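S.K.: This structure is in structure tokens; I'll ask about it shortly.
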Amino acid sequence: MAAVASNSRLTVPSLEAPRVPHYLAVGLIAGAIIALQIAVMRVFAVGSWSHFGSLVVSLAMLGFSLSSVVIFAGKGWFDRHWQGAATGALLLIGPLAVGANLIAQTVPFNAIFLVSDPQQKWRLLANFLLYLLPFLAGAFFLGIVFLKSRTAFGRVYFADLTGSGLAGLVVLVSLYLFAPETILVVPLLLWAAGSILWFAAFGAWKSAVAGVVVAALSIAAYLMLPGLTGIPDIAVSQYKGVAYARNFPDGKRIYRSISPFGDLQVYASSYMHFAPGLSDNAAFGMPEVPANTYVGMYRDGDGPEGIMRNLAPAEQVYFRYLPMHYPYVIKEKPKTFVVQFGGGISTQAALNAGSTSVTVAESNPMTLRAFRDPILKDVTGDILAEPRLKVIDYDGRLFLANTSERYDVIDLSLADSVGLSNPGGFAISEKYAYTHEAMLSYMHALADGGVLSVTLWNKEEPPKSVLKLYSTIAEAAKAFDPQGAANDIFAVSSYLSTTTVLFKRGGFSEAEVKTLRDYTKSMSWEEVYYPGMEYDGSGAQKVLDDYRASIFGSGQDATLTPPVDATAPGNPDCDPTAPADPTLDACAGGNAGPQVLPATELQRMTWHALLTGGWEKLAADYVFDTRALSNDQPYFAAYVKVADLGKTLDRLDLFQDDWGYLLIWATLGIACITAASLVLLPMIFGWRIVFSRSRGKLGTILYFACLGLGYIMVEVGLISRFTVALANPTVSASVLISSMLVFSGLGSLFAERIFDRARTLLPVLLLAIGALLLLYGYYLSPVLDWIGAYPYAVRLLLCFLLVSPPAFLMGMPMATAMTWLARLGKEHLFVWAWGINGCFSVIGSAAVPIVATSFGLSAVLQWSAIAYLIAIPAFFAVLLPSKAVPIGRAAHA
């Protein structure tokens with residue numbers, strides 16, 4: 001009998017009072033799910049684009065919502081058979097993760113052709129659904145555990161959050177050890193440990209042995225099947241930069257380094273011709289253009305960033321034909337600061353130009369480590385050992401904002417490998433080095449007569465990024481020198497290549513303007529603006545109208561005819577009968593001269609409007625958004641104006657540069673539809689419960705929706721903010737998510753102290769959360785600037801702690817409300833509330849980039865604060881006893 005009783009306890013265990021091993025197991029499994037999300041993001045970042053990795057993580061959140069719907073619909077069955085269901089879901093997590101990742105590599109999608117090739121949409125959907133499967137299994141396991149331990153929800157929730165947070169730190173460290181093609185080993189190991197501990201906690205040793213076998217087979221399959229089947233570890237898109245380097249006949253990888261800062265690889269090939277903005281005249285002005293000048297550096301497959309070899313003295317005239325040579329045309333032997341080291345070209349140009357000293361900043365330690373490696377030392381001649389060079393190992397923008405040093409030249413040239421707005425579905429990304437506040441920091445760090453030089457890729461037609469740059473620099477110049485800004489700017493461009501803007505503290509002299517103009521003509525670059533430049537704006541409106549018609553017109557009303565340069569001298573030899581020359585209009589209006597490209601004309605009218613007036617009208621009339629960048633909106637993206645979104649649907653092929661932004665809107669729409677479906681599904685499967693009279697039902701739904709929306713918006717919004725101090729989105733995400741979850745877990749554990757006084761204390765707590773988020777929205781930016789100047793280890797610690805106050809408080813509302821639902825016997829709402837929270841988390845994560853680009857990052861925290869404030873009155877609905885609960889029981893509760 002004793003044996004039977006013991007066996008009975010083993011087969012029908014209880015989770016009403018979980019023990020420490022149960023909590024540890026839940027923490028490990030939850031950690032494995034978070035680790036899997038980060039691993040999937042790494043796979044997508046290297047194989048395709050990180051934007052789609054974030055979409056997969058959003059779908060992972062949908063896994064929790066979908067599982068809650070199924071558990072809600074079959075609550076009775078799950079109550080009776082929870083052990084078998086939990087065991088099955090738990091054992092499936094690893095095999096599904098391995099299988100989904102392997103199969104996904106056989107159906108790679110290409111974001112370039114998302115619009116033109118319908119198959120790409122199905123491939124993208126297949127990837128989403130495949131990666132959803134392991135998250136769905138994990139969500140089922142955790143959902144069942146929460147259902148069966150609802151009376152101890154606060155502690156189980158603490159284990160879930162804390163385990164997830166600590167796993168984020170584990171993954172961060174593991175990124176130094178595991179390459180992207182093996183990174184899934186980390187979540188698989190966490191899952192294996194959690195599974196074995198879970199079974200051992202119940203004394204289910206046969207299941208524990210099964211868990212060991214399944215885990216071993218899953219890890220072995222992950223590591224061995226790609227080689228056995230010929231399926232690639234990661235199917236890298238053929239349109240990623242590194243794919244081109246691998247396909248060169250003599251392409252050879254000469255260096256690789258992995259870390260949380262990315263997968264950095266360097267390739268060499270005789271086919272690699274980087275030439276960043278090189279003047280076409282180099283072919284005529286140099287005896288011989290240096291051969292094999294560059295090797296290419298790639299981060300997560302994106303690039304190349306050119307690393308220039310050490311040129312022989314006879315070859316060094318090459319630097320004169322690069323646009324970053326501009327400031328040295330008028331500054332001899334300057335004291336120079338290079339804002340971002342990158343591939344080192346700007347640093348080499350500064351040294352070659354005779355700078356007496358060069359201070360260079362690089363916030364990515366992986367880059368500096370690469371240049372100190374013997375292989376790249378040999379390529380560059382060990383540039384970092386140059387006696388005139390001083391290296392700052394953090395963000396140059398932050399250094400200049402806090403230093404008392406003054407420089408003759410400050411250079412920010414081609415800091416991004418292939419441009420600021422990349423085609424092919426890239427998501428928006430923060431560019432803090434180009435913001436209004438950054439430009440002011442650079443200007444203040446100039447010595448009297450010092451020159452700021454900014455060179456940007458100019459590959460877009462119609463122009464987009466360059467106009468945002470112009471408006472940003474112009475606003476900063478007018479703020480720095482309200483009376484003389486028009487005399488402080490010199491700007492040039494090269495069609496579909498680069499643009500360079502010079503700002504001189506104190507203004508350019510006539511002699512300097514002439515010197516710069518002569519240099520520009522010798523390079524055959526286009527003058528865009530210089531002090532005293534005459535401008536005839538008679539054709540301005542036509543250029544604006546033509547650009548809008550070229551995008552949103554019928555295709556027959558956009559001519560984009562290059563206007564005649566009104567500043568050119570007349571041609572007395574006009575012959576109207578001569579054949580038309582596509583580059584000349586010798587008889588137009590009696591004012592002969594070369595025709596000006598519409599893009600050049602647009603840039604000229606932009607500078608004229610920015611510095612003399614009329615910019616607001618020009619910006620309103622132009623087809624794309626040209627707002628200046630700020631620390632609150634640091635985006636070279638979101639060019640399509642919100643009012644024009646509907647017009648893009650039948651001509652998406654024209655918006656390749658902004659597909660990432662348009663897809664975010666599509667994601668938000670899909671998230672809203674999916675969330676609504678998952679909220680409504682319980683009405684189909686459990687309509688008797690849903691439509692039964694129950695006090696506070698709508699208020700309860702609103703409460704958990706607000707918590708899901710508010711929490712995820714804080715989490716995702718702060719990731720973008722913390723990039724300022726941590727200089728890398730992967731590190732920022734890992735630290736931010738870990739800190740949020742760990743301290744929220746501690747908050748959920750502490751919430752046990754306020755359960756009995758929740759009616760009075762929780763509204764005050766929600767009010768405090770709202771106030772704290774508003775405070776962070778207004779004052780977080782300068783705090784992060786201050787943190788960013790510390791050594792990296794200190795930055796990590798300070799950022800981790802900075803999140804703790806709001807995260808700790810934000811862990812209490814969920815645990816408190818879920819516990820009260822269990823106390824009041826509202827089992828019919830317990831699981832549904834969990835699903836609603838997950839649904840609105842997906843909506844919130846999709847809404848963050850839209851809110852950030854439209855209203856600013858501070859608005860994200862403000863919206864989150866509003867969500868928590870709305871939750872205050874909704875919370876009282878949670879506390880209303882259901883009519884199905886006896887009055888005495890409710891009163892006792």
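Note on naming: chains are A, B, ... as they come in the structure tokens, residues start from 1 per chain, ligands start from 1 in the order shown.
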Could you give me the residues within region 271-517 of chain A that DSSP places in alpha helix (DSSP H), as a ChimeraX atom specification?

M.R.: /A:282-285,326-330,345-352,365-371,374-380,396-402,436-444,465-480,510-517

S.K.: Fewer than 2 positions away in the same chain doesn't count, so skip those; otherwise give me all residues within 12 Å of Ala438 (chain A), counting only C-alpha atoms, as a VMD selection string.

M.R.: chain A and resid 339 395 to 402 412 431 to 436 440 to 445 452 454 469 472 to 473 475 to 477 628 to 632 634 724 785

S.K.: Take the residues from that selection and put them in a file with N, CA, C and O atoms, as a compact mmCIF listing (two decimals), in the first residue's frame.

M.R.:
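Full text of part.txt as output:
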# COMPACT_ATOMS: atom_id res chain seq x y z
N VAL A 339 35.97 61.53 -35.20
CA VAL A 339 34.88 61.13 -34.31
C VAL A 339 34.71 59.62 -34.25
O VAL A 339 34.37 59.06 -33.22
N ASP A 395 32.65 56.63 -27.25
CA ASP A 395 32.00 57.44 -28.28
C ASP A 395 32.65 58.82 -28.39
O ASP A 395 32.74 59.56 -27.40
N GLY A 396 33.09 59.17 -29.60
CA GLY A 396 33.71 60.46 -29.81
C GLY A 396 32.79 61.62 -29.52
O GLY A 396 33.21 62.68 -29.07
N ARG A 397 31.49 61.43 -29.77
CA ARG A 397 30.52 62.48 -29.49
C ARG A 397 30.50 62.81 -28.00
O ARG A 397 30.46 63.98 -27.60
N LEU A 398 30.54 61.77 -27.17
CA LEU A 398 30.52 61.99 -25.72
C LEU A 398 31.82 62.60 -25.24
O LEU A 398 31.83 63.43 -24.33
N PHE A 399 32.94 62.20 -25.84
CA PHE A 399 34.22 62.78 -25.46
C PHE A 399 34.25 64.27 -25.74
O PHE A 399 34.65 65.07 -24.88
N LEU A 400 33.82 64.66 -26.93
CA LEU A 400 33.86 66.08 -27.29
C LEU A 400 32.89 66.91 -26.46
O LEU A 400 33.12 68.10 -26.23
N ALA A 401 31.80 66.31 -26.02
CA ALA A 401 30.83 67.04 -25.22
C ALA A 401 31.35 67.35 -23.82
O ALA A 401 30.84 68.25 -23.15
N ASN A 402 32.39 66.62 -23.39
CA ASN A 402 32.86 66.77 -22.00
C ASN A 402 34.32 67.20 -21.89
O ASN A 402 34.82 67.35 -20.79
N LEU A 412 34.02 63.77 -39.24
CA LEU A 412 33.05 62.68 -39.17
C LEU A 412 32.76 62.27 -40.60
O LEU A 412 31.90 62.85 -41.26
N LYS A 431 21.16 56.90 -34.91
CA LYS A 431 22.42 57.48 -35.38
C LYS A 431 22.74 58.71 -34.54
O LYS A 431 22.59 59.85 -34.97
N TYR A 432 23.18 58.46 -33.30
CA TYR A 432 23.40 59.55 -32.37
C TYR A 432 24.58 60.44 -32.75
O TYR A 432 24.65 61.59 -32.31
N ALA A 433 25.50 59.96 -33.58
CA ALA A 433 26.65 60.77 -33.96
C ALA A 433 26.26 61.92 -34.87
O ALA A 433 27.05 62.86 -35.06
N TYR A 434 25.04 61.89 -35.45
CA TYR A 434 24.63 62.91 -36.43
C TYR A 434 23.52 63.82 -35.91
O TYR A 434 22.95 64.58 -36.69
N THR A 435 23.20 63.78 -34.64
CA THR A 435 22.07 64.56 -34.14
C THR A 435 22.42 66.03 -33.96
O THR A 435 23.60 66.43 -33.98
N HIS A 436 21.39 66.83 -33.78
CA HIS A 436 21.56 68.27 -33.52
C HIS A 436 22.48 68.49 -32.32
O HIS A 436 23.40 69.32 -32.36
N LEU A 440 26.30 70.28 -32.24
CA LEU A 440 26.65 71.39 -31.36
C LEU A 440 27.88 71.05 -30.52
O LEU A 440 28.75 71.91 -30.28
N SER A 441 27.97 69.79 -30.06
CA SER A 441 29.15 69.39 -29.30
C SER A 441 30.41 69.51 -30.15
O SER A 441 31.45 69.98 -29.68
N TYR A 442 30.32 69.09 -31.42
CA TYR A 442 31.48 69.21 -32.30
C TYR A 442 31.86 70.67 -32.51
O TYR A 442 33.05 71.02 -32.49
N MET A 443 30.87 71.52 -32.72
CA MET A 443 31.15 72.94 -32.98
C MET A 443 31.79 73.61 -31.77
O MET A 443 32.72 74.41 -31.90
N HIS A 444 31.31 73.27 -30.58
CA HIS A 444 31.88 73.87 -29.37
C HIS A 444 33.30 73.38 -29.11
O HIS A 444 34.08 74.06 -28.43
N ALA A 445 33.65 72.20 -29.62
CA ALA A 445 34.99 71.65 -29.41
C ALA A 445 36.00 72.17 -30.42
O ALA A 445 37.17 71.79 -30.36
N LEU A 452 34.77 71.84 -38.85
CA LEU A 452 34.08 70.56 -38.72
C LEU A 452 33.79 70.06 -40.13
O LEU A 452 33.21 70.78 -40.95
N VAL A 454 31.95 66.96 -42.26
CA VAL A 454 31.05 65.81 -42.21
C VAL A 454 30.84 65.31 -43.64
O VAL A 454 30.37 66.06 -44.49
N LEU A 469 20.58 65.51 -43.02
CA LEU A 469 21.88 65.98 -42.53
C LEU A 469 21.98 67.50 -42.66
O LEU A 469 22.41 68.18 -41.72
N THR A 472 19.94 69.28 -40.08
CA THR A 472 20.51 69.12 -38.74
C THR A 472 21.69 70.05 -38.54
O THR A 472 21.79 70.75 -37.52
N ILE A 473 22.62 70.07 -39.51
CA ILE A 473 23.80 70.94 -39.38
C ILE A 473 23.39 72.40 -39.41
O ILE A 473 23.93 73.23 -38.65
N GLU A 475 20.53 73.79 -38.44
CA GLU A 475 19.92 74.16 -37.15
C GLU A 475 20.99 74.34 -36.09
O GLU A 475 20.94 75.28 -35.28
N ALA A 476 21.97 73.42 -36.06
CA ALA A 476 23.04 73.53 -35.08
C ALA A 476 23.88 74.79 -35.33
O ALA A 476 24.26 75.50 -34.39
N ALA A 477 24.18 75.07 -36.60
CA ALA A 477 24.98 76.25 -36.93
C ALA A 477 24.28 77.54 -36.52
O ALA A 477 24.90 78.47 -35.99
N ALA A 628 15.17 67.47 -38.97
CA ALA A 628 16.51 67.33 -38.40
C ALA A 628 16.53 66.22 -37.36
O ALA A 628 15.52 65.91 -36.72
N LEU A 629 17.70 65.61 -37.19
CA LEU A 629 17.88 64.58 -36.18
C LEU A 629 18.13 65.22 -34.83
O LEU A 629 18.79 66.27 -34.73
N SER A 630 17.63 64.59 -33.79
CA SER A 630 17.91 65.00 -32.41
C SER A 630 18.15 63.75 -31.59
O SER A 630 17.90 62.63 -32.04
N ASN A 631 18.64 63.91 -30.36
CA ASN A 631 18.83 62.76 -29.50
C ASN A 631 17.51 62.05 -29.22
O ASN A 631 17.49 60.86 -28.91
N ASP A 632 16.42 62.78 -29.33
CA ASP A 632 15.12 62.18 -29.10
C ASP A 632 14.58 61.48 -30.35
O ASP A 632 13.78 60.55 -30.25
N PRO A 634 16.74 60.21 -33.35
CA PRO A 634 18.03 60.09 -34.06
C PRO A 634 17.96 59.16 -35.26
O PRO A 634 18.74 58.23 -35.39
N VAL A 724 23.08 54.79 -26.53
CA VAL A 724 23.91 55.98 -26.38
C VAL A 724 25.14 55.67 -25.54
O VAL A 724 26.27 56.01 -25.89
N ASP A 785 24.53 60.14 -21.38
CA ASP A 785 25.72 60.79 -21.91
C ASP A 785 26.85 60.78 -20.88
O ASP A 785 28.03 60.55 -21.21

S.K.: Can you check which residues of region 447-506 of chain A DSSP gives as strand (DSSP E or B) on the backbone and send them as a count of residues only?

M.R.: 25

S.K.: With a distance cut-off of 9 Å and only C-alpha atoms, select the neighbouring residues of region 126-138 of chain A, excluding the residue or stretch itself and same-chain residues fewer than 4 positions from it, and output the selection as a PyMOL selection string.

M.R.: chain A and resi 29-30+32-33+36-37+40+52+55-57+59-64+66-67+88-101+103-105+107-109+121-122+142-143

S.K.: Give me the residues near region 745-747 of chain A as a ChimeraX atom specification, where near means some atom within 7 Å (using only C-alpha atoms) and where sequence neighbours in that chain fewer than 3 positions away do not count.

M.R.: /A:157-159,161-162,741-742,750-751,808-809,811-812

S.K.: Those residues you just picked out, can you put them in a file as a JSON list (two decimals), in the first residue's frame with N, CA and C atoms?

M.R.:
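After the write, part_6.json holds the following:
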[["chain", "number", "residue", "atom", "x", "y", "z"],
["A", 157, "TYR", "N", 6.21, 33.68, -10.72],
["A", 157, "TYR", "CA", 6.48, 34.80, -11.63],
["A", 157, "TYR", "C", 7.86, 35.37, -11.37],
["A", 158, "PHE", "N", 8.25, 35.43, -10.10],
["A", 158, "PHE", "CA", 9.61, 35.87, -9.74],
["A", 158, "PHE", "C", 10.65, 34.94, -10.36],
["A", 159, "ALA", "N", 10.43, 33.63, -10.27],
["A", 159, "ALA", "CA", 11.36, 32.67, -10.86],
["A", 159, "ALA", "C", 11.43, 32.84, -12.37],
["A", 161, "LEU", "N", 10.74, 35.61, -14.25],
["A", 161, "LEU", "CA", 11.39, 36.85, -14.65],
["A", 161, "LEU", "C", 12.88, 36.85, -14.33],
["A", 162, "THR", "N", 13.21, 36.40, -13.12],
["A", 162, "THR", "CA", 14.62, 36.42, -12.72],
["A", 162, "THR", "C", 15.44, 35.44, -13.54],
["A", 741, "LEU", "N", 14.10, 42.37, -16.29],
["A", 741, "LEU", "CA", 13.49, 41.14, -15.83],
["A", 741, "LEU", "C", 13.94, 40.78, -14.42],
["A", 742, "VAL", "N", 15.23, 40.96, -14.12],
["A", 742, "VAL", "CA", 15.71, 40.62, -12.78],
["A", 742, "VAL", "C", 15.04, 41.48, -11.72],
["A", 750, "PHE", "N", 8.54, 40.81, -3.91],
["A", 750, "PHE", "CA", 8.23, 41.77, -2.84],
["A", 750, "PHE", "C", 6.73, 42.07, -2.77],
["A", 751, "ALA", "N", 6.03, 41.86, -3.89],
["A", 751, "ALA", "CA", 4.59, 42.18, -3.95],
["A", 751, "ALA", "C", 3.78, 41.39, -2.94],
["A", 808, "PHE", "N", 11.74, 47.48, -10.77],
["A", 808, "PHE", "CA", 11.30, 46.87, -9.50],
["A", 808, "PHE", "C", 9.82, 47.15, -9.24],
["A", 809, "LEU", "N", 9.43, 48.39, -9.45],
["A", 809, "LEU", "CA", 8.02, 48.75, -9.22],
["A", 809, "LEU", "C", 7.11, 48.09, -10.25],
["A", 811, "GLY", "N", 7.31, 45.24, -11.55],
["A", 811, "GLY", "CA", 7.10, 43.83, -11.32],
["A", 811, "GLY", "C", 5.94, 43.52, -10.40],
["A", 812, "MET", "N", 5.44, 44.52, -9.67],
["A", 812, "MET", "CA", 4.40, 44.28, -8.66],
["A", 812, "MET", "C", 2.97, 44.22, -9.21]]

S.K.: For a test of reading the model, state the distance in Å between CA of Gly343 (chain A) and CA of Gly296 (chain A), rounded to one decimal.

M.R.: 8.5 Å

S.K.: CA of Gly27 (chain A) to CA of Gly194 (chain A): how many Å, to one decimal?

M.R.: 7.7 Å

S.K.: Find the residues near Asn110 (chain A): any atom within 8 Å, counting only C-alpha atoms, skip ones fewer than 5 places away on the same chain, and give them as a list in words.

M.R.: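 Non-adjacent residues within range: Ser48, Gln120, Ser237 and Tyr239 of chain A.
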
S.K.: Please report the interatomic distance between CA of Gly553 (chain A) and CA of Phe636 (chain A) in Å with one decimal.

M.R.: 24.7 Å

S.K.: Any idea what's packed within 9 Å of Pro806 (chain A), counting only C-alpha atoms, ignoring anything in its chain fewer than 3 positions away? Could you give it as an mmCIF file with N, CA, C and O atoms, in the first residue's frame?

M.R.:
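Dumped to result.cif:
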data_model
loop_
_atom_site.group_PDB
_atom_site.id
_atom_site.type_symbol
_atom_site.label_atom_id
_atom_site.label_comp_id
_atom_site.auth_asym_id
_atom_site.auth_seq_id
_atom_site.Cartn_x
_atom_site.Cartn_y
_atom_site.Cartn_z
ATOM 1 N N MET A 740 15.784 44.663 -16.567
ATOM 2 C CA MET A 740 14.331 44.791 -16.407
ATOM 3 C C MET A 740 13.728 43.540 -15.783
ATOM 4 O O MET A 740 12.937 43.614 -14.834
ATOM 5 N N PHE A 743 15.016 42.798 -11.941
ATOM 6 C CA PHE A 743 14.435 43.677 -10.926
ATOM 7 C C PHE A 743 12.912 43.580 -10.907
ATOM 8 O O PHE A 743 12.299 43.742 -9.847
ATOM 9 N N SER A 744 12.302 43.302 -12.047
ATOM 10 C CA SER A 744 10.851 43.064 -12.040
ATOM 11 C C SER A 744 10.527 41.782 -11.280
ATOM 12 O O SER A 744 9.514 41.703 -10.575
ATOM 13 N N ALA A 768 3.184 56.049 -8.947
ATOM 14 C CA ALA A 768 4.633 56.245 -8.833
ATOM 15 C C ALA A 768 5.350 55.772 -10.095
ATOM 16 O O ALA A 768 6.309 56.410 -10.553
ATOM 17 N N ILE A 769 4.892 54.652 -10.665
ATOM 18 C CA ILE A 769 5.494 54.152 -11.907
ATOM 19 C C ILE A 769 5.313 55.182 -13.015
ATOM 20 O O ILE A 769 6.257 55.502 -13.759
ATOM 21 N N LEU A 772 7.612 58.138 -12.447
ATOM 22 C CA LEU A 772 9.016 57.790 -12.672
ATOM 23 C C LEU A 772 9.323 57.671 -14.163
ATOM 24 O O LEU A 772 10.383 58.115 -14.629
ATOM 25 N N LEU A 773 8.401 57.112 -14.919
ATOM 26 C CA LEU A 773 8.618 56.988 -16.360
ATOM 27 C C LEU A 773 8.650 58.358 -17.033
ATOM 28 O O LEU A 773 9.443 58.593 -17.955
ATOM 29 N N LEU A 802 20.660 51.493 -13.390
ATOM 30 C CA LEU A 802 19.800 52.626 -13.727
ATOM 31 C C LEU A 802 18.364 52.192 -13.997
ATOM 32 O O LEU A 802 17.420 52.936 -13.740
ATOM 33 N N VAL A 803 18.194 50.993 -14.488
ATOM 34 C CA VAL A 803 16.857 50.494 -14.806
ATOM 35 C C VAL A 803 16.114 50.027 -13.567
ATOM 36 O O VAL A 803 14.890 49.890 -13.567
ATOM 37 N N LEU A 809 9.426 48.390 -9.445
ATOM 38 C CA LEU A 809 8.022 48.749 -9.220
ATOM 39 C C LEU A 809 7.111 48.088 -10.250
ATOM 40 O O LEU A 809 5.987 47.683 -9.929
ATOM 41 N N MET A 810 7.599 47.961 -11.490
ATOM 42 C CA MET A 810 6.766 47.408 -12.561
ATOM 43 C C MET A 810 6.545 45.897 -12.421
ATOM 44 O O MET A 810 5.708 45.326 -13.108
ATOM 45 N N GLY A 811 7.314 45.244 -11.547
ATOM 46 C CA GLY A 811 7.102 43.826 -11.319
ATOM 47 C C GLY A 811 5.944 43.524 -10.395
ATOM 48 O O GLY A 811 5.482 42.373 -10.328
#
